[in-house]
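Note: the block below is coords_31.txt and it holds compact mmCIF, C-alpha atoms.
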```txt
# COMPACT_ATOMS: atom_id res chain seq x y z
CA MET S 1 99.04 56.70 15.09
CA SER S 2 102.32 55.17 14.00
CA ASP S 3 104.17 52.67 16.14
CA SER S 4 106.86 55.21 17.09
CA LYS S 5 104.22 57.76 18.12
CA ASP S 6 102.41 55.06 20.13
CA THR S 7 105.67 54.14 21.85
CA GLU S 8 106.48 57.79 22.54
CA GLN S 9 103.00 58.42 23.97
CA ALA S 10 103.20 55.31 26.15
CA SER S 11 106.55 56.48 27.46
CA LEU S 12 105.16 59.95 28.27
CA ASP S 13 102.10 58.41 29.93
CA THR S 14 104.33 56.27 32.15
CA PHE S 15 106.54 59.25 33.02
CA TRP S 16 103.62 61.44 34.10
CA MET S 17 101.89 58.59 35.94
CA GLN S 18 105.06 58.08 37.97
CA HIS S 19 104.80 61.73 38.97
CA ALA S 20 101.14 61.25 39.90
CA LEU S 21 102.17 58.27 42.06
CA GLU S 22 104.58 60.53 43.97
CA LEU S 23 101.70 62.92 44.61
CA ALA S 24 99.52 60.01 45.77
CA ARG S 25 102.23 59.14 48.29
CA ARG S 26 101.94 62.69 49.66
CA ALA S 27 98.24 62.08 50.21
CA ARG S 28 98.99 58.79 51.97
CA ALA S 29 101.55 60.49 54.22
CA ALA S 30 98.82 62.96 55.24
CA GLY S 31 96.39 60.14 56.07
CA GLU S 32 94.34 60.66 52.92
CA VAL S 33 93.31 58.06 50.36
CA PRO S 34 96.42 57.95 48.13
CA VAL S 35 95.37 59.47 44.83
CA GLY S 36 97.49 61.91 42.86
CA ALA S 37 96.80 63.92 39.71
CA VAL S 38 98.98 65.88 37.28
CA LEU S 39 97.55 68.27 34.69
CA VAL S 40 99.86 68.56 31.69
CA ARG S 41 99.79 70.84 28.66
CA GLY S 42 102.30 69.97 25.97
CA GLU S 43 105.20 68.53 27.92
CA GLN S 44 104.91 70.77 30.97
CA ILE S 45 103.07 70.50 34.24
CA LEU S 46 100.28 73.03 34.42
CA ALA S 47 99.10 71.94 37.87
CA GLU S 48 98.99 69.03 40.26
CA GLY S 49 96.97 67.79 43.20
CA TRP S 50 96.51 64.97 45.64
CA ASN S 51 93.59 63.90 47.79
CA ALA S 52 92.90 66.18 50.76
CA PRO S 53 89.19 65.97 51.71
CA ILE S 54 89.96 64.94 55.30
CA GLY S 55 92.59 67.59 55.98
CA GLN S 56 90.73 70.34 54.16
CA HIS S 57 87.30 69.34 55.52
CA ASP S 58 86.11 69.47 51.92
CA PRO S 59 84.34 66.58 50.21
CA THR S 60 85.33 68.01 46.81
CA ALA S 61 89.08 68.08 47.53
CA HIS S 62 89.84 65.09 45.33
CA ALA S 63 93.19 65.03 43.54
CA GLU S 64 91.58 65.73 40.16
CA ILE S 65 89.51 68.68 41.41
CA ARG S 66 92.52 70.22 43.13
CA ALA S 67 94.60 69.88 39.95
CA LEU S 68 91.80 71.34 37.80
CA ARG S 69 91.35 74.29 40.16
CA ALA S 70 95.08 75.01 40.24
CA GLY S 71 95.31 74.72 36.45
CA ALA S 72 92.40 77.08 35.90
CA GLU S 73 93.95 79.56 38.31
CA GLN S 74 97.31 79.24 36.54
CA ILE S 75 95.93 80.10 33.10
CA GLY S 76 93.08 82.37 34.22
CA ASN S 77 90.40 80.31 32.53
CA TYR S 78 88.20 77.40 33.61
CA ARG S 79 88.54 75.84 30.18
CA LEU S 80 91.63 73.69 30.24
CA LEU S 81 91.85 73.07 26.52
CA ASP S 82 94.54 70.79 25.09
CA THR S 83 95.43 69.34 28.49
CA THR S 84 95.92 65.81 29.73
CA LEU S 85 95.02 64.84 33.28
CA TYR S 86 97.01 61.94 34.70
CA VAL S 87 95.42 60.39 37.78
CA THR S 88 96.37 57.28 39.71
CA LEU S 89 92.77 56.10 40.21
CA GLU S 90 89.90 56.16 37.74
CA PRO S 91 87.92 59.39 38.32
CA CYS S 92 84.62 59.31 40.21
CA VAL S 93 81.38 60.83 38.91
CA MET S 94 82.06 64.22 40.55
CA CYS S 95 85.54 64.45 39.06
CA ALA S 96 84.36 63.21 35.66
CA GLY S 97 81.78 65.99 35.53
CA ALA S 98 84.41 68.59 36.36
CA ILE S 99 86.80 67.15 33.76
CA ILE S 100 84.12 67.44 31.07
CA HIS S 101 83.16 70.96 32.14
CA ALA S 102 86.83 72.01 32.08
CA ARG S 103 87.18 70.64 28.52
CA VAL S 104 90.18 68.48 29.40
CA LYS S 105 91.24 66.77 26.19
CA ARG S 106 92.52 63.50 27.62
CA VAL S 107 92.40 61.54 30.89
CA VAL S 108 94.99 58.90 31.65
CA TYR S 109 94.39 56.85 34.77
CA GLY S 110 96.19 54.04 36.54
CA ALA S 111 93.94 51.68 38.46
CA THR S 112 90.25 51.19 37.81
CA ASP S 113 87.87 51.97 40.65
CA PRO S 114 85.45 49.04 40.92
CA LYS S 115 83.13 50.96 43.28
CA THR S 116 82.82 54.46 41.85
CA GLY S 117 84.81 54.61 38.60
CA ALA S 118 83.26 56.92 36.01
CA ALA S 119 85.52 56.24 33.02
CA GLY S 120 83.84 53.00 32.07
CA SER S 121 84.29 50.51 34.91
CA VAL S 122 81.10 51.31 36.88
CA PHE S 123 79.77 54.44 35.18
CA ASP S 124 80.69 55.76 31.75
CA ILE S 125 80.45 59.49 32.33
CA LEU S 126 83.70 60.35 30.55
CA GLY S 127 82.92 58.09 27.61
CA SER S 128 79.32 59.16 27.12
CA ASP S 129 78.40 60.65 23.76
CA ARG S 130 75.64 62.71 25.40
CA HIS S 131 78.02 65.51 26.40
CA ASN S 132 79.02 68.37 24.15
CA HIS S 133 82.68 67.60 24.89
CA ARG S 134 84.44 64.29 24.31
CA VAL S 135 87.30 63.21 26.55
CA GLU S 136 89.89 60.75 25.27
CA ILE S 137 90.48 58.03 27.88
CA THR S 138 93.48 55.80 28.45
CA GLY S 139 93.38 53.48 31.44
CA GLY S 140 95.70 50.98 33.04
CA ILE S 141 98.95 52.94 33.04
CA LEU S 142 101.02 51.55 35.95
CA ALA S 143 97.77 50.01 37.14
CA ASP S 144 99.41 47.50 39.48
CA GLN S 145 101.43 50.15 41.30
CA CYS S 146 98.51 52.56 41.48
CA GLY S 147 96.09 49.88 42.67
CA ALA S 148 98.53 48.49 45.24
CA LEU S 149 98.96 51.94 46.78
CA VAL S 150 95.21 52.24 47.40
CA SER S 151 94.77 48.59 48.45
CA ASP S 152 97.69 48.75 50.88
CA PHE S 153 96.33 51.97 52.37
CA PHE S 154 92.92 50.44 53.12
CA GLN S 155 94.46 47.15 54.31
CA ALA S 156 96.58 49.09 56.81
CA LYS S 157 93.47 50.95 58.00
CA ARG S 158 91.59 47.65 58.47
CA ASN S 159 94.53 46.17 60.38
CA LYS S 160 94.44 49.10 62.83
CA MET S 161 90.75 48.59 63.59
CA PRO S 162 90.02 47.03 67.00
```
structure tokens encoding of this file:
Amino acid sequence: MSDSKDTEQASLDTFWMQHALELARRARAAGEVPVGAVLVRGEQILAEGWNAPIGQHDPTAHAEIRALRAGAEQIGNYRLLDTTLYVTLEPCVMCAGAIIHARVKRVVYGATDPKTGAAGSVFDILGSDRHNHRVEITGGILADQCGALVSDFFQAKRNKMP
């Protein structure tokens, strides 16, 4: 990729990650772990989601899963070809499996997840060559902001504990 294309892609990645951060703030406002996800095709939002397992009483209601479901519904197909999923926190194993199954082309995440990350930090589900689909991975976009949102959320929860 040329330098101008790299710069353009980095600019787009930052733009969409900022949108994902806004969605993560919605999750935080609802008392959920603040993670947001935006599914993009071309330069348009196909779908978005934010964490809601507590409010929806659904352990699968992660931001990524909600965005994938909404995107599949939008296009009428579970295969989300030529899409990029922007997510504020490195996907977990469950979400990584869904991303592969949906044939998402690229995942861009903000902060790494040192406990359950599946894009290379703890597990390498997305990067594994054992799958029939390869996902391009870019990590660390607005990592400090994304990580601080999650860290601050859990710090506030710990401070409220008796």
Across S:Leu89, S:Ala27, S:Leu12, S:Ala63, the smallest distance to S:Gln44, with only C-alpha atoms counted, is shown by S:Leu12
Task: Separation of atom CA of S:Ile141 from atom CA of S:Thr112, in Å and rounded to one decimal - done: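 Between atom CA of S:Ile141 and atom CA of S:Thr112 the gap is 10.1 Å.
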| query | Could you work out how far atom CA of S:Arg25 lies from atom CA of S:Asp152, giving the answer in Å with one decimal? | reply |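 If I compute the distance from atom CA of S:Asp152 to atom CA of S:Arg25, I get 11.6 Å.
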Using Å and a single decimal, report how far atom CA of S:Ala118 sits from atom CA of S:Ala67.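 According to the coordinates, atom CA of S:Ala67 and atom CA of S:Ala118 are separated by 17.7 Å.
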Using only C-alpha atoms, the residue out of S:His101, S:Arg158, S:Arg69, S:Arg134 with shortest distance to S:Trp50 is S:Arg69
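For S:Gly139, the non-local neighbours within 6 Å, defined as residues at least 4 positions apart in the same chain or in other chains and counting all atoms listed in the file, are S:Val108, S:Tyr109, S:Gly110.
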What's around stretch 81-86 of chain S at 7 Å? Count only C-alpha atoms, leave out sequence neighbours fewer than 3 positions away in its own chain, and write the answer as a list of chain:residue names.
S:Trp16, S:Met17, S:Ala20, S:Ala37, S:Val38, S:Leu39, S:Val40, S:Arg41, S:Arg103, S:Val104, S:Lys105, S:Arg106, S:Val107, S:Val108, S:Tyr109
S:Ala29 proximity check over S:Ala70, S:Leu142, S:Ala52, S:Ile125, using all atoms listed in the file: winner is S:Ala52
Requested in this report: Could you give me, as a ChimeraX atom specification, the residues that sit within 8 Å of (92.8, 61.2, 50.6) in the file's coordinates, counting all atoms listed in the file?
Outcome: /S:27-28,30-35,50-54,62
Within 12 Å of S:Gly127 using only C-alpha atoms, minus same-chain residues under 2 positions, as a ChimeraX atom specification
/S:91,93,96-97,99-100,106-107,117-125,129-138
- prompt: Counting only C-alpha atoms, what is within 8 Å of S:Gly147, bar same-chain residues fewer than 2 positions away, as an NGL selection string?
  reply: :S and (88-89 or 110-112 or 143-145 or 149-151)
So for stretch 118-132 of chain S, what box centre and size do we get, axis-aligned, 6 Å extra on each of the six sides, every listed atom, Å to one decimal, as AutoDock Vina command-line options?
```
--center_x 80.6 --center_y 59.4 --center_z 30.3 --size_x 21.9 --size_y 29.9 --size_z 25.1
```
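For the residues S:His19, S:Asp6, S:Gly140, S:Asp13, ranking by smallest atom-to-atom distance to S:Ala47 using only C-alpha atoms places S:His19 first.
If you measure from each of S:Ser4, S:Glu48, S:Leu68, S:Thr60 to S:Arg26 using all atoms listed in the file, the closest one turns out to be S:Glu48.
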